[in-house]
>>> print(open('work_18.cif').read())   # mmCIF, C-alpha atoms
data_data
loop_
_atom_site.label_atom_id
_atom_site.label_comp_id
_atom_site.auth_asym_id
_atom_site.auth_seq_id
_atom_site.Cartn_x
_atom_site.Cartn_y
_atom_site.Cartn_z
CA MET A 1 -16.30 -123.30 -79.39
CA PHE A 2 -16.37 -119.64 -78.44
CA PHE A 3 -13.95 -118.01 -76.00
CA LEU A 4 -14.52 -114.86 -73.97
CA PHE A 5 -11.40 -113.26 -72.52
CA ASP A 6 -12.41 -110.93 -69.68
CA CYS A 7 -9.80 -109.05 -67.61
CA ASP A 8 -10.23 -109.10 -63.85
CA ASN A 9 -10.83 -105.66 -62.31
CA PHE A 10 -9.17 -104.17 -65.39
CA PHE A 11 -8.47 -100.59 -64.26
CA VAL A 12 -7.10 -101.76 -60.92
CA SER A 13 -5.03 -104.47 -62.64
CA CYS A 14 -3.51 -101.87 -65.01
CA GLU A 15 -2.45 -99.76 -62.02
CA ARG A 16 -0.91 -102.76 -60.26
CA ILE A 17 1.40 -103.50 -63.21
CA PHE A 18 3.53 -100.52 -62.18
CA ARG A 19 2.57 -100.50 -58.50
CA PRO A 20 3.33 -103.97 -57.09
CA ASP A 21 2.90 -102.50 -53.61
CA LEU A 22 -0.85 -102.39 -54.33
CA LYS A 23 -1.18 -106.16 -54.72
CA ASN A 24 -3.26 -107.95 -52.09
CA ARG A 25 -4.54 -104.60 -50.84
CA PRO A 26 -7.94 -102.88 -51.21
CA VAL A 27 -7.72 -100.65 -54.30
CA ILE A 28 -10.40 -98.69 -56.15
CA VAL A 29 -10.33 -96.53 -59.27
CA LEU A 30 -12.61 -93.49 -59.39
CA SER A 31 -14.56 -91.96 -62.26
CA SER A 32 -13.88 -88.56 -63.79
CA ASN A 33 -13.58 -85.85 -61.14
CA ASP A 34 -12.96 -88.58 -58.54
CA GLY A 35 -16.71 -89.02 -58.18
CA CYS A 36 -17.74 -92.67 -58.04
CA VAL A 37 -16.10 -96.09 -57.86
CA VAL A 38 -15.67 -97.65 -61.33
CA SER A 39 -13.25 -100.50 -60.58
CA ARG A 40 -12.53 -102.50 -57.42
CA SER A 41 -9.95 -105.05 -56.40
CA TYR A 42 -11.23 -108.27 -54.84
CA GLU A 43 -9.97 -106.99 -51.49
CA ALA A 44 -12.08 -103.81 -51.89
CA LYS A 45 -15.15 -105.88 -52.79
CA ALA A 46 -14.69 -107.84 -49.57
CA ILE A 47 -14.91 -104.70 -47.34
CA PRO A 48 -17.50 -104.34 -49.06
CA ILE A 49 -17.26 -101.37 -51.44
CA ALA A 50 -20.14 -101.17 -53.92
CA MET A 51 -19.62 -100.44 -57.61
CA GLY A 52 -20.72 -96.88 -58.38
CA ALA A 53 -20.54 -95.77 -54.75
CA PRO A 54 -19.84 -92.02 -54.35
CA TYR A 55 -16.31 -91.69 -53.01
CA PHE A 56 -17.13 -89.04 -50.43
CA LYS A 57 -19.53 -91.48 -48.78
CA ILE A 58 -17.11 -94.40 -48.46
CA GLU A 59 -13.79 -92.55 -48.10
CA LYS A 60 -13.46 -92.82 -44.31
CA VAL A 61 -14.41 -96.50 -44.15
CA PHE A 62 -12.20 -97.35 -47.11
CA ARG A 63 -9.12 -95.57 -45.80
CA ALA A 64 -9.64 -97.05 -42.33
CA ALA A 65 -9.41 -100.48 -43.99
CA GLY A 66 -6.03 -99.55 -45.50
CA GLY A 67 -7.42 -98.92 -48.97
CA THR A 68 -5.87 -96.90 -51.81
CA ALA A 69 -8.01 -94.77 -54.15
CA LEU A 70 -6.74 -93.80 -57.61
CA SER A 71 -8.07 -91.42 -60.24
CA SER A 72 -8.92 -92.82 -63.67
CA ASN A 73 -5.95 -92.92 -66.05
CA PHE A 74 -7.74 -93.70 -69.31
CA GLU A 75 -4.65 -93.17 -71.46
CA LEU A 76 -2.88 -95.95 -69.58
CA TYR A 77 -5.87 -98.27 -69.70
CA SER A 78 -6.34 -97.76 -73.45
CA ASP A 79 -2.69 -98.53 -74.15
CA ILE A 80 -2.74 -101.72 -72.04
CA SER A 81 -5.96 -102.72 -73.83
CA ARG A 82 -4.29 -102.28 -77.25
CA ARG A 83 -1.43 -104.53 -76.16
CA LEU A 84 -3.85 -107.13 -74.86
CA MET A 85 -5.92 -107.21 -78.06
CA SER A 86 -2.78 -107.43 -80.18
CA LEU A 87 -1.64 -110.50 -78.23
CA LEU A 88 -5.07 -112.13 -78.60
CA ARG A 89 -4.99 -111.57 -82.37
CA GLN A 90 -1.58 -113.27 -82.53
CA GLU A 91 -2.91 -116.33 -80.72
CA CYS A 92 -6.49 -116.56 -82.00
CA GLY A 93 -6.43 -114.92 -85.43
CA GLY A 94 -9.73 -113.05 -85.63
CA ILE A 95 -11.29 -111.63 -82.49
CA ARG A 96 -14.22 -109.35 -81.77
CA ILE A 97 -13.52 -106.67 -79.20
CA TYR A 98 -16.54 -106.29 -76.94
CA SER A 99 -15.15 -103.65 -74.59
CA VAL A 100 -11.83 -102.21 -73.44
CA ASP A 101 -11.19 -105.38 -71.37
CA GLU A 102 -13.22 -108.07 -73.16
CA ALA A 103 -12.89 -109.90 -76.47
CA PHE A 104 -14.51 -112.92 -78.13
CA ALA A 105 -12.75 -115.51 -80.27
CA SER A 106 -13.71 -118.77 -81.95
CA LEU A 107 -11.57 -121.92 -82.12
CA PRO A 108 -12.09 -125.36 -83.74
CA ASP A 109 -13.88 -127.98 -81.66
CA ASP A 110 -10.90 -130.35 -81.83
CA THR A 111 -8.71 -127.84 -79.90
CA ASP A 112 -7.69 -128.73 -76.35
CA HIS A 113 -9.71 -125.81 -75.04
CA PHE A 114 -8.57 -125.87 -71.42
CA ARG A 115 -4.88 -126.14 -72.32
CA PHE A 116 -5.14 -123.38 -74.90
CA ALA A 117 -6.98 -121.11 -72.45
CA LEU A 118 -4.38 -121.77 -69.77
CA HIS A 119 -1.60 -120.96 -72.25
CA ILE A 120 -3.26 -117.65 -73.20
CA ARG A 121 -3.92 -116.73 -69.58
CA ASN A 122 -0.31 -117.41 -68.55
CA ARG A 123 1.09 -115.50 -71.54
CA ILE A 124 -1.06 -112.42 -70.83
CA LEU A 125 -0.07 -112.51 -67.17
CA LYS A 126 3.64 -112.85 -68.02
CA GLU A 127 3.93 -110.41 -70.94
CA ILE A 128 1.34 -107.77 -69.95
CA GLY A 129 0.70 -108.38 -66.26
CA ILE A 130 -3.10 -108.56 -66.37
CA PRO A 131 -5.08 -111.46 -64.81
CA VAL A 132 -7.77 -112.78 -67.15
CA SER A 133 -10.87 -114.93 -66.67
CA ILE A 134 -11.85 -117.10 -69.65
CA GLY A 135 -15.31 -118.45 -70.42
CA ILE A 136 -15.65 -121.20 -73.06
CA ALA A 137 -18.99 -122.34 -74.49
CA PRO A 138 -20.86 -123.17 -77.75
CA THR A 139 -22.35 -119.63 -77.97
CA LYS A 140 -21.43 -116.09 -76.98
CA THR A 141 -24.31 -115.81 -74.50
CA LEU A 142 -23.20 -118.98 -72.74
CA CYS A 143 -19.64 -117.62 -72.85
CA LYS A 144 -20.76 -114.62 -70.78
CA ILE A 145 -22.25 -116.97 -68.19
CA ALA A 146 -19.09 -119.12 -68.23
CA SER A 147 -16.97 -115.98 -67.78
CA SER A 148 -18.94 -114.90 -64.70
CA LEU A 149 -18.43 -118.37 -63.22
CA ALA A 150 -14.71 -118.23 -64.05
CA LYS A 151 -14.38 -114.91 -62.21
CA SER A 152 -15.75 -116.49 -59.04
CA LYS A 153 -12.96 -119.09 -59.03
CA THR A 154 -9.83 -118.68 -56.94
CA PHE A 155 -7.23 -120.40 -59.11
CA ASP A 156 -7.36 -121.27 -62.85
CA LYS A 157 -10.15 -118.75 -63.70
CA ILE A 158 -11.29 -120.89 -66.65
CA GLU A 159 -14.83 -122.26 -67.05
CA ILE A 160 -16.05 -124.53 -69.87
CA LEU A 161 -19.79 -125.01 -70.45
CA THR A 162 -20.94 -127.85 -72.70
CA PRO A 163 -24.49 -129.14 -73.38
CA GLY A 164 -25.68 -131.61 -70.77
CA GLN A 165 -27.03 -131.90 -67.26
CA SER A 166 -24.30 -129.70 -65.78
CA LEU A 167 -25.27 -126.85 -68.13
CA GLN A 168 -28.93 -127.24 -67.14
CA THR A 169 -27.93 -126.91 -63.49
CA VAL A 170 -25.91 -123.77 -64.21
CA LEU A 171 -28.80 -122.14 -66.11
CA LYS A 172 -31.25 -123.11 -63.36
CA ASN A 173 -29.17 -121.22 -60.80
CA PHE A 174 -28.46 -118.19 -63.03
CA GLU A 175 -30.92 -115.31 -62.67
CA VAL A 176 -32.49 -114.11 -65.91
CA LYS A 177 -31.67 -110.46 -65.09
CA ASP A 178 -27.97 -111.35 -65.28
CA VAL A 179 -28.21 -112.96 -68.73
CA TRP A 180 -26.34 -111.03 -71.42
CA GLY A 181 -28.93 -109.28 -73.62
CA VAL A 182 -31.73 -109.12 -71.03
CA GLY A 183 -31.04 -106.09 -68.87
CA ARG A 184 -32.95 -104.25 -66.17
CA ARG A 185 -35.91 -103.13 -68.27
CA ILE A 186 -36.72 -106.52 -69.79
CA ALA A 187 -36.14 -108.63 -66.66
CA PRO A 188 -39.26 -107.41 -64.75
CA LYS A 189 -41.42 -108.16 -67.80
CA LEU A 190 -39.97 -111.66 -68.01
CA ASN A 191 -40.57 -112.11 -64.28
CA PHE A 192 -44.22 -111.13 -64.84
CA LEU A 193 -44.44 -114.00 -67.33
CA GLY A 194 -42.96 -116.41 -64.76
CA ILE A 195 -39.44 -116.41 -66.21
CA PHE A 196 -36.91 -115.92 -63.43
CA THR A 197 -33.90 -118.02 -64.48
CA ALA A 198 -31.80 -118.54 -67.60
CA LEU A 199 -33.15 -122.09 -67.84
CA GLU A 200 -36.74 -120.84 -67.91
CA LEU A 201 -35.85 -118.35 -70.64
CA SER A 202 -34.21 -121.11 -72.69
CA SER A 203 -37.40 -123.20 -72.35
CA ALA A 204 -39.84 -120.39 -73.24
CA PRO A 205 -41.68 -120.59 -76.60
CA LEU A 206 -39.53 -118.78 -79.14
CA LYS A 207 -42.56 -117.44 -81.02
CA MET A 208 -43.87 -115.80 -77.84
CA ILE A 209 -40.45 -114.34 -77.01
CA ARG A 210 -40.10 -112.85 -80.49
CA GLN A 211 -43.61 -111.40 -80.61
CA THR A 212 -43.30 -109.89 -77.12
CA PHE A 213 -39.68 -108.77 -76.95
CA GLY A 214 -38.27 -108.88 -80.49
CA ILE A 215 -35.72 -110.89 -82.43
CA ASN A 216 -32.73 -110.02 -80.23
CA LEU A 217 -34.16 -111.73 -77.14
CA GLU A 218 -35.23 -114.66 -79.32
CA LYS A 219 -31.59 -115.04 -80.35
CA THR A 220 -30.56 -114.90 -76.69
CA ALA A 221 -32.96 -117.74 -75.88
CA MET A 222 -31.62 -119.78 -78.79
CA GLU A 223 -28.04 -119.20 -77.69
CA LEU A 224 -28.92 -120.43 -74.20
CA ASN A 225 -29.89 -123.68 -75.95
CA GLY A 226 -26.45 -123.90 -77.58
CA ILE A 227 -27.48 -122.55 -81.00
CA PRO A 228 -24.98 -119.88 -82.18
CA CYS A 229 -26.71 -116.77 -83.51
CA GLN A 230 -23.78 -114.34 -83.44
CA ASP A 231 -20.36 -114.40 -85.04
CA ALA A 232 -17.43 -114.00 -82.66
CA THR A 233 -14.56 -113.13 -84.98
CA THR A 234 -15.73 -110.42 -87.39
CA GLU A 235 -14.77 -107.06 -85.94
CA GLU A 236 -17.41 -104.39 -86.44
CA THR A 237 -16.78 -100.73 -87.09
CA ALA A 238 -18.29 -98.56 -84.37
CA ARG A 239 -21.38 -96.71 -85.56
CA SER A 240 -20.42 -93.64 -83.55
CA ILE A 241 -17.49 -92.43 -81.45
CA THR A 242 -18.11 -90.15 -78.48
CA VAL A 243 -15.54 -88.30 -76.38
CA SER A 244 -16.88 -86.28 -73.46
CA ARG A 245 -15.97 -85.20 -69.94
CA SER A 246 -17.49 -83.57 -66.88
CA PHE A 247 -15.39 -80.68 -65.59
CA GLU A 248 -14.14 -80.14 -62.06
CA ARG A 249 -15.36 -76.54 -62.24
CA GLU A 250 -18.00 -75.00 -64.43
CA ILE A 251 -16.69 -73.17 -67.52
CA SER A 252 -18.29 -70.10 -69.07
CA ASN A 253 -15.39 -68.95 -71.29
CA ILE A 254 -15.94 -69.93 -74.91
CA GLY A 255 -12.20 -69.87 -75.64
CA GLN A 256 -11.61 -72.55 -73.04
CA LEU A 257 -14.51 -74.58 -74.36
CA GLU A 258 -13.18 -74.33 -77.91
CA ALA A 259 -9.79 -75.70 -76.81
CA ILE A 260 -11.49 -78.52 -74.91
CA ILE A 261 -13.74 -79.42 -77.85
CA ALA A 262 -10.72 -79.38 -80.17
CA GLY A 263 -8.95 -81.84 -77.87
CA PHE A 264 -12.00 -84.11 -77.74
CA THR A 265 -12.26 -83.99 -81.53
CA ASP A 266 -8.59 -84.93 -81.93
CA THR A 267 -9.07 -87.96 -79.65
CA ALA A 268 -12.21 -89.05 -81.51
CA CYS A 269 -10.49 -88.72 -84.89
CA ARG A 270 -7.53 -90.81 -83.76
CA ARG A 271 -9.94 -93.54 -82.68
CA LEU A 272 -11.72 -93.23 -86.02
CA ARG A 273 -8.55 -93.71 -88.05
CA ALA A 274 -7.38 -96.54 -85.77
CA GLN A 275 -10.30 -98.63 -87.02
CA ASN A 276 -9.67 -97.64 -90.66
CA ALA A 277 -12.91 -95.73 -90.91
CA ALA A 278 -14.22 -92.32 -91.94
CA ALA A 279 -17.15 -90.23 -90.66
CA ARG A 280 -19.56 -87.89 -92.42
CA GLU A 281 -20.90 -85.94 -89.42
CA ILE A 282 -19.86 -84.53 -86.07
CA ALA A 283 -22.15 -83.49 -83.23
CA VAL A 284 -21.18 -81.12 -80.39
CA PHE A 285 -22.99 -80.91 -77.07
CA LEU A 286 -22.84 -78.85 -73.86
CA LYS A 287 -24.52 -79.42 -70.50
CA THR A 288 -24.90 -77.35 -67.34
CA ASN A 289 -24.75 -78.64 -63.76
CA ARG A 290 -28.03 -80.49 -63.17
CA PHE A 291 -27.67 -80.16 -59.40
CA LYS A 292 -27.56 -76.37 -59.46
CA ASN A 293 -30.42 -75.76 -61.86
CA PRO A 294 -33.83 -76.18 -60.17
CA VAL A 295 -35.42 -77.30 -63.46
CA GLY A 296 -32.67 -79.79 -64.22
CA GLN A 297 -29.83 -79.87 -66.71
CA SER A 298 -29.81 -77.50 -69.66
CA GLY A 299 -27.58 -77.17 -72.69
CA GLY A 300 -27.81 -78.15 -76.29
CA SER A 301 -26.36 -80.09 -79.19
CA PHE A 302 -25.64 -79.31 -82.83
CA LEU A 303 -25.01 -81.69 -85.72
CA ILE A 304 -22.67 -80.63 -88.55
CA PRO A 305 -22.47 -82.65 -91.80
CA LEU A 306 -19.01 -82.69 -93.41
CA GLY A 307 -20.36 -83.03 -96.95
CA GLY A 308 -18.72 -86.42 -97.42
CA PRO A 309 -16.58 -89.00 -95.64
CA CYS A 310 -13.64 -87.47 -93.79
CA ILE A 311 -10.69 -88.50 -91.62
CA HIS A 312 -8.92 -85.12 -91.37
CA THR A 313 -8.83 -83.87 -87.76
CA GLY A 314 -8.58 -80.23 -88.89
CA HIS A 315 -11.84 -80.39 -90.84
CA PHE A 316 -13.64 -81.92 -87.88
CA ILE A 317 -12.24 -79.28 -85.48
CA THR A 318 -13.44 -76.46 -87.76
CA ALA A 319 -16.91 -78.01 -87.90
CA ALA A 320 -16.96 -78.63 -84.14
CA LYS A 321 -16.04 -75.00 -83.36
CA PHE A 322 -18.87 -73.84 -85.63
CA GLY A 323 -21.31 -76.16 -83.85
CA LEU A 324 -20.12 -75.01 -80.43
CA ARG A 325 -20.85 -71.37 -81.25
CA GLN A 326 -24.41 -72.29 -82.27
CA ILE A 327 -25.25 -73.74 -78.85
CA PHE A 328 -23.08 -71.61 -76.54
CA THR A 329 -24.99 -69.10 -74.42
CA PRO A 330 -22.91 -66.19 -73.05
CA GLY A 331 -23.02 -66.07 -69.26
CA GLU A 332 -24.03 -69.72 -68.94
CA ALA A 333 -21.70 -71.98 -66.94
CA TYR A 334 -21.20 -75.45 -68.39
CA LYS A 335 -20.32 -78.56 -66.41
CA SER A 336 -19.69 -81.01 -69.27
CA ALA A 337 -19.12 -81.11 -73.02
CA GLY A 338 -18.38 -83.58 -75.75
CA VAL A 339 -18.32 -84.52 -79.42
CA THR A 340 -19.69 -87.50 -81.34
CA LEU A 341 -18.54 -88.67 -84.77
CA GLN A 342 -21.47 -90.15 -86.67
CA ALA A 343 -22.29 -91.82 -89.99
CA ILE A 344 -19.11 -93.89 -89.72
CA GLU A 345 -18.10 -96.26 -92.52
CA GLU A 346 -15.13 -98.48 -93.20
CA ILE A 347 -12.74 -96.83 -95.65
CA SER A 348 -12.60 -100.00 -97.75
CA SER A 349 -16.36 -99.83 -98.40
CA LEU A 350 -16.76 -96.08 -99.02
CA GLN A 351 -18.89 -94.98 -101.95
CA SER A 352 -19.06 -91.40 -103.15
CA SER A 353 -22.28 -89.72 -104.22
CA LEU A 354 -22.85 -87.80 -107.44
CA PHE A 355 -22.08 -84.46 -105.74
CA GLU A 356 -18.96 -85.47 -103.77
CA LYS A 357 -15.63 -84.37 -105.23
CA SER A 358 -13.60 -87.28 -103.89
CA ILE A 359 -14.10 -90.14 -101.48
CA LEU A 360 -10.92 -89.37 -99.51
CA PRO A 361 -8.21 -87.07 -100.89
CA PRO A 362 -4.90 -89.02 -100.98
CA LYS A 363 -2.94 -86.06 -99.57
CA GLU A 364 -5.20 -85.91 -96.53
CA GLN A 365 -4.85 -89.64 -95.94
CA LYS A 366 -1.06 -89.37 -96.12
CA LEU A 367 -0.99 -86.33 -93.83
CA MET A 368 -3.11 -88.02 -91.16
CA GLN A 369 -1.02 -91.17 -91.43
CA VAL A 370 2.17 -89.19 -90.73
CA PHE A 371 0.37 -87.26 -87.96
CA ASP A 372 -0.63 -90.51 -86.20
CA ASN A 373 2.75 -92.18 -86.72
CA VAL A 374 4.62 -89.29 -85.09
CA ASN A 375 2.29 -89.20 -82.08
CA ASN A 376 2.38 -92.97 -81.71
CA ARG A 377 6.17 -93.06 -81.79
CA LEU A 378 7.03 -89.95 -79.81
CA GLY A 379 4.02 -89.63 -77.53
CA ALA A 380 0.56 -88.10 -77.73
CA HIS A 381 0.40 -84.35 -78.41
CA THR A 382 3.87 -84.27 -80.02
CA VAL A 383 2.18 -82.70 -83.04
CA PHE A 384 -1.24 -81.13 -82.73
CA PHE A 385 -3.56 -78.55 -84.25
CA ALA A 386 -3.39 -74.89 -83.25
CA ALA A 387 -6.95 -74.95 -81.95
CA GLN A 388 -5.72 -77.16 -79.12
CA THR A 389 -3.64 -75.86 -76.23
CA VAL A 390 0.17 -76.03 -76.42
CA SER A 391 0.26 -78.13 -73.25
CA PRO A 392 -2.59 -80.61 -72.76
CA GLN A 393 -4.95 -79.21 -70.16
CA ASN A 394 -7.02 -81.33 -67.84
CA PHE A 395 -10.23 -79.68 -66.70
CA THR A 396 -11.23 -82.65 -64.56
CA ARG A 397 -10.21 -83.46 -61.01
CA GLY A 398 -7.62 -86.24 -60.76
CA SER A 399 -6.07 -85.91 -57.33
CA PHE A 400 -4.85 -89.51 -57.28
CA ARG A 401 -3.96 -90.06 -60.96
CA SER A 402 -0.98 -92.27 -61.72
CA PRO A 403 1.67 -91.29 -64.32
CA ALA A 404 1.31 -92.06 -68.05
CA TYR A 405 3.76 -94.94 -67.70
CA THR A 406 3.47 -96.26 -71.26
CA THR A 407 2.70 -93.17 -73.37
CA SER A 408 5.05 -90.46 -72.09
CA TRP A 409 8.86 -90.46 -72.07
CA ASP A 410 8.82 -88.27 -68.95
CA ALA A 411 6.70 -90.77 -67.04
CA LEU A 412 8.64 -93.94 -67.84
CA PRO A 413 9.20 -96.08 -64.72
CA VAL A 414 12.75 -95.85 -63.38
CA VAL A 415 14.50 -98.89 -61.93
CA HIS A 416 17.09 -98.02 -59.29
#
>>> encode(input="work_18.cif", output="structure tokens")
Amino acid sequence: MFFLFDCDNFFVSCERIFRPDLKNRPVIVLSSNDGCVVSRSYEAKAIPIAMGAPYFKIEKVFRAAGGTALSSNFELYSDISRRLMSLLRQECGGIRIYSVDEAFASLPDDTDHFRFALHIRNRILKEIGIPVSIGIAPTKTLCKIASSLAKSKTFDKIEILTPGQSLQTVLKNFEVKDVWGVGRRIAPKLNFLGIFTALELSSAPLKMIRQTFGINLEKTAMELNGIPCQDATTEETARSITVSRSFEREISNIGQLEAIIAGFTDTACRRLRAQNAAAREIAVFLKTNRFKNPVGQSGGSFLIPLGGPCIHTGHFITAAKFGLRQIFTPGEAYKSAGVTLQAIEEISSLQSSLFEKSILPPKEQKLMQVFDNVNNRLGAHTVFFAAQTVSPQNFTRGSFRSPAYTTSWDALPVVH
């Protein structure tokens, strides 16, 4: 059987670990620049506050209801996520991380699934402080449906789906647009063919589904019938890593942009090394404010090959600065920027070409290992490259951002 561990209102739950006064109160977390709602507590959903709602539109109503709005604290959320995934690996062995707050696992059929799920849920709540919903089913697609049913529960937050009449009833009442792997673009086409529910998709001719929509939707239909088509425990290396931000104010100074791009590159490289991988390319992009330009958003992107697999942050920063200067237009004001590491491969499977000097120089591997160890032990930005600013600068609005409780000595919670 497959398990899907899905944290409830993850960003809000992370904030509540250190703010018990926020429990049982309407709480929302806002996107970069405090723009839109990206996470809601159950109390906020009941007001109701819609996901993605612009904050300036709902601020008065939300505050009148006694709500608390918080800025995104991605450093905190990432650290809590790492702790969560580490605990799941201890309990389940292999897992596949689906997102920052979701992971799949597979356990033998002779396991007492409900008892094991309850044990995991209680341990996560006790040791980390995050409430988790758990979906259990014969396939990953059915796990996603089970997870959504578990989230609607009030108490145990565990749902087990097994083949039989009860599963048929669940699929009959589950809209096809909400099935994992369908999405907004495919759902109207399925509706046109008379397929409106998950049960109708599971009963559709597989040959027709494959010819019309491709092999991925065919696998989804098979999984709805209890036939596993995807592994749940082999972790995949990300094909690309992107770090980007929209700025509170537009920036036209290339020196500022270079420092920002260097910081983004450092973050992307740390993520790259955390999954024991290397990249061969880096892309840099800039964008203007699409609301101020009558013809829409303008900007550009530039791809820089590294000449071979690389994990060294300094090499990527040098390449990124070169790419930035190719697309920067003097006098233009930019609203957002970012970098993307591409052509990513696992270090264990790297192969050099005839013209590459070395797959990965041992000195560079050792240097980056020490670099990461120091920052992990003493806090991010303890050691950094000169292209970055001495003090980390935040060019995004975060009027309601909570402290970095778990990644900064200065922000550690104090018990009086």
>>> residues_around(input="work_18.cif", residues="segment 408-412 of chain A", least_positions_apart="2", cutoff="9 Å", atoms="only C-alpha atoms", output="PyMOL selection string")
chain A and resi 378-380+403-406+414
>>> resolve_selection(input="work_18.cif", expression="the PyMOL selection byres ((chain A and resi 325-340) around 6)", output="list in words")
Ile241, Thr242, Val243, Ser244, Arg245, Ser246, Phe247, Glu250, Ile251, Ser252, Ile282, Ala283, Val284, Phe285, Leu286, Lys287, Thr288, Asn289, Gly300, Phe322, Gly323, Leu324 and Leu341 of chain A
>>> residues_around(input="work_18.cif", residues="Ile49 of chain A", least_positions_apart="4", cutoff="12 Å", atoms="all atoms listed in the file", output="NGL selection string")
:A and (26-29 or 36-45 or 53-55 or 57-63 or 65 or 67 or 69)
>>> resolve_selection(input="work_18.cif", expression="the PyMOL selection byres ((chain A and resi 151) around 10)", output="mmCIF file with C-alpha atoms, keeping the file's coordinate frame")
data_model
loop_
_atom_site.group_PDB
_atom_site.id
_atom_site.type_symbol
_atom_site.label_atom_id
_atom_site.label_comp_id
_atom_site.auth_asym_id
_atom_site.auth_seq_id
_atom_site.Cartn_x
_atom_site.Cartn_y
_atom_site.Cartn_z
ATOM 1 C CA ASP A 6 -12.410 -110.930 -69.680
ATOM 2 C CA CYS A 7 -9.800 -109.050 -67.610
ATOM 3 C CA ASP A 8 -10.230 -109.100 -63.850
ATOM 4 C CA ASN A 9 -10.830 -105.660 -62.310
ATOM 5 C CA VAL A 132 -7.770 -112.780 -67.150
ATOM 6 C CA SER A 133 -10.870 -114.930 -66.670
ATOM 7 C CA ILE A 134 -11.850 -117.100 -69.650
ATOM 8 C CA GLY A 135 -15.310 -118.450 -70.420
ATOM 9 C CA ALA A 146 -19.090 -119.120 -68.230
ATOM 10 C CA SER A 147 -16.970 -115.980 -67.780
ATOM 11 C CA SER A 148 -18.940 -114.900 -64.700
ATOM 12 C CA LEU A 149 -18.430 -118.370 -63.220
ATOM 13 C CA ALA A 150 -14.710 -118.230 -64.050
ATOM 14 C CA SER A 152 -15.750 -116.490 -59.040
ATOM 15 C CA LYS A 153 -12.960 -119.090 -59.030
ATOM 16 C CA THR A 154 -9.830 -118.680 -56.940
ATOM 17 C CA PHE A 155 -7.230 -120.400 -59.110
ATOM 18 C CA ASP A 156 -7.360 -121.270 -62.850
ATOM 19 C CA LYS A 157 -10.150 -118.750 -63.700
ATOM 20 C CA ILE A 158 -11.290 -120.890 -66.650
ATOM 21 C CA GLU A 159 -14.830 -122.260 -67.050
#
>>> residues_around(input="work_18.cif", residues="Leu224 of chain A", least_positions_apart="2", cutoff="7 Å", atoms="all atoms listed in the file", output="ChimeraX atom specification")
/A:141-142,202,220-222,226
>>> write_last_selection(input="work_18.cif", atoms="C-alpha atoms", output="PDB file, in the frame of the given file")
ATOM      1  CA  THR A 141     -24.310-115.810 -74.500  1.00  0.00           C
ATOM      2  CA  LEU A 142     -23.200-118.980 -72.740  1.00  0.00           C
ATOM      3  CA  SER A 202     -34.210-121.110 -72.690  1.00  0.00           C
ATOM      4  CA  THR A 220     -30.560-114.900 -76.690  1.00  0.00           C
ATOM      5  CA  ALA A 221     -32.960-117.740 -75.880  1.00  0.00           C
ATOM      6  CA  MET A 222     -31.620-119.780 -78.790  1.00  0.00           C
ATOM      7  CA  GLY A 226     -26.450-123.900 -77.580  1.00  0.00           C
TER       8      GLY A 226
END
>>> residues_around(input="work_18.cif", residues="Asn276 of chain A", least_positions_apart="2", cutoff="12 Å", atoms="all atoms listed in the file", output="ChimeraX atom specification")
/A:235-238,269-274,278-279,310-311,344-350,365,368-369
>>> resolve_selection(input="work_18.cif", expression="the PyMOL selection byres ((chain A and resi 83) around 12)", output="VMD selection string")
chain A and resid 14 76 to 82 84 to 90 100 to 101 124 127 to 130 406
>>> closest_residue(input="work_18.cif", among="A:Ser13, A:Glu281, A:Arg19, A:Cys92", to="Pro413 of chain A", atoms="only C-alpha atoms")
A:Arg19
>>> axis_aligned_box(input="work_18.cif", around="segment 244-250 of chain A", padding_each_side="4 Å", output="JSON")
{"center_x": -16.1, "center_y": -80.6, "center_z": -67.8, "size_x": 11.9, "size_y": 19.3, "size_z": 19.4}
>>> residues_around(input="work_18.cif", residues="Val182 of chain A", least_positions_apart="3", cutoff="12 Å", atoms="all atoms listed in the file", output="JSON list (two decimals) with C-alpha atoms, keeping the file's coordinate frame")
[["chain", "number", "residue", "atom", "x", "y", "z"],
["A", 141, "THR", "CA", -24.31, -115.81, -74.50],
["A", 175, "GLU", "CA", -30.92, -115.31, -62.67],
["A", 176, "VAL", "CA", -32.49, -114.11, -65.91],
["A", 177, "LYS", "CA", -31.67, -110.46, -65.09],
["A", 178, "ASP", "CA", -27.97, -111.35, -65.28],
["A", 179, "VAL", "CA", -28.21, -112.96, -68.73],
["A", 185, "ARG", "CA", -35.91, -103.13, -68.27],
["A", 186, "ILE", "CA", -36.72, -106.52, -69.79],
["A", 187, "ALA", "CA", -36.14, -108.63, -66.66],
["A", 188, "PRO", "CA", -39.26, -107.41, -64.75],
["A", 189, "LYS", "CA", -41.42, -108.16, -67.80],
["A", 190, "LEU", "CA", -39.97, -111.66, -68.01],
["A", 191, "ASN", "CA", -40.57, -112.11, -64.28],
["A", 195, "ILE", "CA", -39.44, -116.41, -66.21],
["A", 196, "PHE", "CA", -36.91, -115.92, -63.43],
["A", 197, "THR", "CA", -33.90, -118.02, -64.48],
["A", 198, "ALA", "CA", -31.80, -118.54, -67.60],
["A", 201, "LEU", "CA", -35.85, -118.35, -70.64],
["A", 209, "ILE", "CA", -40.45, -114.34, -77.01],
["A", 213, "PHE", "CA", -39.68, -108.77, -76.95],
["A", 214, "GLY", "CA", -38.27, -108.88, -80.49],
["A", 216, "ASN", "CA", -32.73, -110.02, -80.23],
["A", 217, "LEU", "CA", -34.16, -111.73, -77.14],
["A", 218, "GLU", "CA", -35.23, -114.66, -79.32],
["A", 219, "LYS", "CA", -31.59, -115.04, -80.35],
["A", 220, "THR", "CA", -30.56, -114.90, -76.69],
["A", 221, "ALA", "CA", -32.96, -117.74, -75.88]]
